[in-house]
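Trainee: Structure provided below as structure tokens; questions to follow.
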Amino acid sequence: MVRPSAILPRMRTSLQWLQRYLTPADLTVDEADHVLTHVGFPIEEQVELPTGDMQLDVELTSNRGDCLCHVGLAREIAASTGRTLAVPTPKISESGPDVSSLTSVDNRVPDVCPLFTARVIRGVRVGPSPAWLVEALEAIGQRSINNVVDISNFVLFELGHPNHTFDLDRLKGGIHVRAATGGETLMCLDDIEHKLHTDDVVVADDSGPVSLAGVIGGRPTGVTEETTNVLIEVATWDPTRVRNTARRHQITTDAGHRFERYVDARDVETASRRVAELIMEVAGGELCSGVIMAGSADAPRTVVDFRLSRCEHLLGIEVPREELVRLLTTVEIAVEETGDPDVLRCTIPHHRHDVTREVDLIEEVIRLHGIEHIEVAPRMEVIVRPPQSDERACRMIGDVLTGQGFYETVTVSFLTEQQARPFIAPGGRLLKVDEDRRKENPWLRPAIIPSLLTCRKANQDGRVHPPEGVRLFETASVFGEVDDGETFGRQTLEFRNLALLADLPRGMKAAEAGQAGVRTILGAVESVARSLGGPQVKVDVVRHDQPVWSAYDGKAWAALHLNGAMLGTFGLIARPTLDQWGLEEGVVCAEVNLDALVALFPPVSSAHPLPSFPGIERDLSIILDEATPWSDVEAVIEAARLDLMVGHEFVTTYRGKQIGAGRKSVTLRLHFRDPERTLRHEEVDPQMETLMGLCREKLSAEIRG
């Protein structure tokens, strides 16, 4: 396993090193540049070295981990130029005792480490590397350390398979591949002592961790000039675990860079033999008999049926059958006939884990054939289609809210923990991202309202004071985590929400301003819902004892229900939360589920002829307890089923000394009409008496004269 180095998504390559694997070995730098660029690996930089060699900085795509080595790039060059690829075939001579008599391997995490192998060479002479090895490594920007470690690095850049060499005499007992335990530490080759996490996988001996699996080796068991007996580790690891460990400890190595892009277990034995062969060549020693293999490299090769007609359909050009077979064969994809003239059966080589589907094979064909063969039409036909319904719904939301004086905001999805805490629902947890650029605010927002509060603070600092107050809205995703009772015990949640914020009116008493602000936000939500679903859509206010967020004023918040189902919440923001954002004036906010609103679209409406006969309107004022919500009044009206009543509406609420403390007067208007004739007042009077009686009975109401 190599020492840490700066890794970019590219491969520094030596032209002379590439020549080792090509016959004839007459590749020029211009030809290498042209060929690699043609197959999708452009050359970012060419550097002429003092030795006469050329260093090529090759840019790679993230799915082509097989080309993070010289043999992989040579394979691509051979396929495009007709040269023969000469892959080294390791030849080793085993003369020492059986390796199992000197060490052992206990692989406790086969799901993370599919295969772990160990070989032992005794009697090595650690010292400076030969000139050819030093020049090869320096040609790609690597520093020579000693002959054994340099061979480990050489094989990594030759075959693309990371490996690691231990000083066998410094290992205490056998090898254990396991998860790290809490509190364990490891002094790594970067000369930093890392505190290990229980999600880390380590290579350990009887005394503790000696290597951070797939990422970096440990300093105490590394090969030095005093080393005489070497244990060669060649293994493969789960890419996700390696990536998470590397990011957690902020360690970037050539080994981790390759393991993150997948290294096939079927390459392990060849790489192990190659390391052993070259160590004995440059450092001498006696190779012990056999190899310890903990795990398995058995895996069926991927077989994909390839339809010529499908290839022609996707590419828009016909590639002759013989050319198709030739192109696929050059990259070691075995092609067989199937009896169907349109179908070829392709067996994928194990180093090409990125090829799993028919479309991947088609991509290989055009990559090798040349995308320049696809003609580009001088004019492109564009078919204009109407926007999707959810897009139209979102546009309508924006139109409705901007018509009511709201301004749309676009804010980032990250908060500080202090900003996010007041908006965590009971049973929920925050989600944090591990990203260097988000060190100050790494928490994904559980609600949009804190972002609107930040925007409101910016308006306050900018002395923005429109007559109706600042009104903001935003549609965005919110995130969280809850327990789900399953194996992992947690479930990540993501919802699309609509959030609104409005200033409380100025020049009013606090209670009146709060009521006016609540009516503004509730009216905005109702307007949006009815614009999307039609006039029959019903938005109800449902009170609860405890606020869902501590950010709300516990006495001035409520849940919103849409046609009987939970939609969201709204209410006044509590003074501690306002102070946290540094806001001087009060605001009222709402946050509702956007998908529930969008599902209402398109609106359902109906047209009726204008009434032929006049109707009668009656106002009714009733004195109620302050805590009685309007929904209770509506429930009584609907339960009464008054004859010939065609509608009702809220008019106003009055509070004053005449009413009494803790009481309020609510005025409502009822509409009556007969479609066949003109109504008489004496026909409506019994209906009103019935309703007044129900209000006294159900609401303990007093009727105002």
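Every chain in the structure tokens has a letter given in the order shown (A, B, ...), and although residue numbers restart at 1 in each chain, ligands are simply numbered from 1 in the order shown.
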Give me the residues within 12 Å of Ala565 (chain A) as a list in words, counting only C-alpha atoms and dropping any in the same chain fewer than 3 places off.

Mentor: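 Here the qualifying residues turn out to be Val537, Lys538, Val539, Asp540, Val541, Val542, Ala559, Leu560, His561, Leu562, Gly568, Val592, Asn593, Ala596 and Leu597 of chain A.
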
Trainee: Neighbouring residues of Ala139 (chain A) were defined as those with any atom within 9 Å, considering only C-alpha atoms; residues of the same chain fewer than 4 positions away were excluded. Please report them as an MDAnalysis selection string.

Mentor: chainID A and resid 12:15 17 49 51 53:55 134:135

Trainee: Enumerate as a VMD selection string all residues of region 249-489 of chain A assigned to helix (DSSP H, G or I) by DSSP on the backbone, naming them with the chain letters and numbers the document uses.

Mentor: chain A and resid 249 254 to 259 265 to 283 308 to 315 321 to 330 358 to 369 371 to 373 389 to 403 417 to 423 436 to 438 449 to 461

Trainee: Write out as a PyMOL selection string each polymer residue whose atoms come within 7 Å of region 395-405 of chain A, counting only C-alpha atoms; drop sequence neighbours fewer than 2 positions from it.

Mentor: chain A and resi 391-393+407+471+524+528

Trainee: Skipping near chain neighbours, those fewer than 6 positions away, what residues fall within 12 Å of Glu683 (chain A) using only C-alpha atoms, listed as a count of residues only?

Mentor: 10

Trainee: Could you go through region 148-283 of chain A and tell me which residues DSSP, when run on the backbone, assigns to strand (DSSP E), listing them as a PyMOL selection string?

Mentor: chain A and resi 164-167+175-179+185-187+193-195+201-205+208-212+216-217+229-236

Trainee: For the selection you just gave me, I'd like the residues written to a file as a short mmCIF file (atom, residue, chain, number, x, y, z; two decimals), in the first residue's frame, keeping N, CA and C atoms.

Mentor:
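Result saved to out-v3.cif:
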data_model
loop_
_atom_site.label_atom_id
_atom_site.label_comp_id
_atom_site.auth_asym_id
_atom_site.auth_seq_id
_atom_site.Cartn_x
_atom_site.Cartn_y
_atom_site.Cartn_z
N HIS A 164 0.19 -4.33 -0.14
CA HIS A 164 0.91 -3.78 1.01
C HIS A 164 1.91 -4.81 1.52
N THR A 165 3.07 -4.34 1.97
CA THR A 165 4.10 -5.22 2.52
C THR A 165 4.30 -4.90 3.99
N PHE A 166 4.24 -5.95 4.83
CA PHE A 166 4.47 -5.82 6.27
C PHE A 166 5.83 -6.40 6.63
N ASP A 167 6.41 -5.85 7.67
CA ASP A 167 7.57 -6.49 8.30
C ASP A 167 7.00 -7.63 9.15
N ILE A 175 -2.96 -12.65 11.32
CA ILE A 175 -3.66 -11.50 10.75
C ILE A 175 -5.16 -11.66 11.00
N HIS A 176 -5.80 -10.56 11.42
CA HIS A 176 -7.25 -10.55 11.62
C HIS A 176 -7.83 -9.39 10.80
N VAL A 177 -8.71 -9.71 9.87
CA VAL A 177 -9.40 -8.68 9.10
C VAL A 177 -10.75 -8.48 9.77
N ARG A 178 -10.96 -7.31 10.36
CA ARG A 178 -12.14 -7.10 11.21
C ARG A 178 -12.52 -5.63 11.25
N ALA A 179 -13.65 -5.38 11.89
CA ALA A 179 -14.07 -4.00 12.13
C ALA A 179 -13.29 -3.44 13.31
N THR A 185 -6.66 3.16 18.10
CA THR A 185 -5.93 4.16 17.31
C THR A 185 -4.89 3.46 16.45
N LEU A 186 -4.41 4.17 15.42
CA LEU A 186 -3.39 3.62 14.54
C LEU A 186 -2.50 4.74 14.04
N MET A 187 -1.19 4.59 14.27
CA MET A 187 -0.21 5.52 13.70
C MET A 187 0.04 5.08 12.26
N GLU A 193 -1.57 9.92 14.08
CA GLU A 193 -2.27 8.88 14.82
C GLU A 193 -3.78 9.10 14.66
N HIS A 194 -4.43 8.17 14.01
CA HIS A 194 -5.85 8.30 13.71
C HIS A 194 -6.67 7.53 14.72
N LYS A 195 -7.71 8.20 15.25
CA LYS A 195 -8.66 7.53 16.13
C LYS A 195 -9.68 6.82 15.26
N VAL A 201 -12.76 -0.62 8.76
CA VAL A 201 -12.27 -1.99 8.72
C VAL A 201 -10.75 -1.94 8.78
N VAL A 202 -10.16 -2.79 9.59
CA VAL A 202 -8.71 -2.78 9.78
C VAL A 202 -8.13 -4.16 9.53
N VAL A 203 -6.85 -4.16 9.17
CA VAL A 203 -6.03 -5.37 9.23
C VAL A 203 -5.30 -5.30 10.57
N ALA A 204 -5.45 -6.31 11.39
CA ALA A 204 -4.90 -6.27 12.74
C ALA A 204 -4.10 -7.53 13.03
N ASP A 205 -3.20 -7.43 14.00
CA ASP A 205 -2.57 -8.63 14.54
C ASP A 205 -3.12 -8.83 15.95
N GLY A 208 -3.44 -5.46 17.94
CA GLY A 208 -4.32 -4.38 17.50
C GLY A 208 -4.15 -4.06 16.03
N PRO A 209 -4.76 -2.97 15.54
CA PRO A 209 -4.71 -2.61 14.13
C PRO A 209 -3.28 -2.35 13.64
N VAL A 210 -2.99 -2.82 12.43
CA VAL A 210 -1.69 -2.56 11.81
C VAL A 210 -1.86 -1.89 10.44
N SER A 211 -3.11 -1.78 9.97
CA SER A 211 -3.36 -1.15 8.67
C SER A 211 -4.82 -0.75 8.60
N LEU A 212 -5.09 0.40 7.99
CA LEU A 212 -6.46 0.85 7.75
C LEU A 212 -6.86 0.31 6.38
N ILE A 216 -4.59 2.96 3.96
CA ILE A 216 -3.20 3.28 4.28
C ILE A 216 -2.68 2.29 5.31
N GLY A 217 -1.36 2.03 5.23
CA GLY A 217 -0.72 1.11 6.16
C GLY A 217 -0.33 1.79 7.46
N ASN A 229 12.15 -10.25 6.80
CA ASN A 229 11.06 -11.14 6.42
C ASN A 229 9.82 -10.29 6.11
N VAL A 230 9.24 -10.53 4.94
CA VAL A 230 8.16 -9.68 4.44
C VAL A 230 6.89 -10.51 4.25
N LEU A 231 5.77 -9.96 4.73
CA LEU A 231 4.46 -10.53 4.43
C LEU A 231 3.80 -9.65 3.37
N ILE A 232 3.40 -10.26 2.28
CA ILE A 232 2.77 -9.53 1.16
C ILE A 232 1.26 -9.68 1.27
N GLU A 233 0.58 -8.56 1.47
CA GLU A 233 -0.89 -8.56 1.48
C GLU A 233 -1.39 -8.07 0.12
N VAL A 234 -2.26 -8.86 -0.52
CA VAL A 234 -2.98 -8.41 -1.71
C VAL A 234 -4.43 -8.80 -1.47
N ALA A 235 -5.32 -7.83 -1.48
CA ALA A 235 -6.72 -8.07 -1.15
C ALA A 235 -7.59 -7.13 -1.97
N THR A 236 -8.88 -7.26 -1.77
CA THR A 236 -9.81 -6.31 -2.37
C THR A 236 -10.89 -5.99 -1.36
#

Trainee: Here is a test: counting only C-alpha atoms, which residue of A:Arg575, A:Val470, A:Leu668, A:Glu584 is nearest to Ser621 (chain A)?

Mentor: A:Leu668

Trainee: Hey, which of A:Glu417, A:Asp169, A:Asp191, A:Glu468 ends up closest to Pro446 (chain A)? Count only C-alpha atoms.

Mentor: A:Glu417

Trainee: When you look at Pro300 (chain A) with a cut-off of 12 Å (counting only C-alpha atoms), what residues show up, excluding the ones that are within fewer than 5 positions of it in the same chain? I need them as number ranges by chain.

Mentor: A: 265-266, 347-350, 353

Trainee: Set the distance at 12 Å and use only C-alpha atoms: which residues neighbour Gly582 (chain A) once local chain neighbours fewer than 2 positions away are removed? I'd like the list as a list in words.

Mentor: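 Those residues are Leu453, Thr454, Cys455, Arg456, Lys457, Ala458, Asn459, Gln460, Asp461, Arg575, Pro576, Thr577, Leu578, Asp579, Gln580, Glu584, Glu585 and Gly586 of chain A.
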
Trainee: Could you write out that same residue set with C-alpha atoms as a PDB file, in the first residue's frame?

Mentor:
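Ended up saving to selection.pdb:
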ATOM      1  CA  LEU A 453     -35.849  34.036   8.470  1.00  0.00           C
ATOM      2  CA  THR A 454     -32.251  34.503   7.280  1.00  0.00           C
ATOM      3  CA  CYS A 455     -33.542  36.228   4.159  1.00  0.00           C
ATOM      4  CA  ARG A 456     -35.846  38.404   6.282  1.00  0.00           C
ATOM      5  CA  LYS A 457     -32.860  39.436   8.414  1.00  0.00           C
ATOM      6  CA  ALA A 458     -31.022  40.489   5.247  1.00  0.00           C
ATOM      7  CA  ASN A 459     -34.002  42.671   4.305  1.00  0.00           C
ATOM      8  CA  GLN A 460     -34.057  44.187   7.779  1.00  0.00           C
ATOM      9  CA  ASP A 461     -30.354  44.977   7.573  1.00  0.00           C
ATOM     10  CA  ARG A 575     -39.691  35.660  20.380  1.00  0.00           C
ATOM     11  CA  PRO A 576     -36.616  33.483  21.307  1.00  0.00           C
ATOM     12  CA  THR A 577     -36.421  32.340  17.693  1.00  0.00           C
ATOM     13  CA  LEU A 578     -36.803  35.900  16.409  1.00  0.00           C
ATOM     14  CA  ASP A 579     -34.010  36.971  18.750  1.00  0.00           C
ATOM     15  CA  GLN A 580     -31.816  34.133  17.485  1.00  0.00           C
ATOM     16  CA  GLU A 584     -36.917  43.200  15.514  1.00  0.00           C
ATOM     17  CA  GLU A 585     -40.497  42.744  14.278  1.00  0.00           C
ATOM     18  CA  GLY A 586     -42.755  39.705  14.577  1.00  0.00           C
TER      19      GLY A 586
END
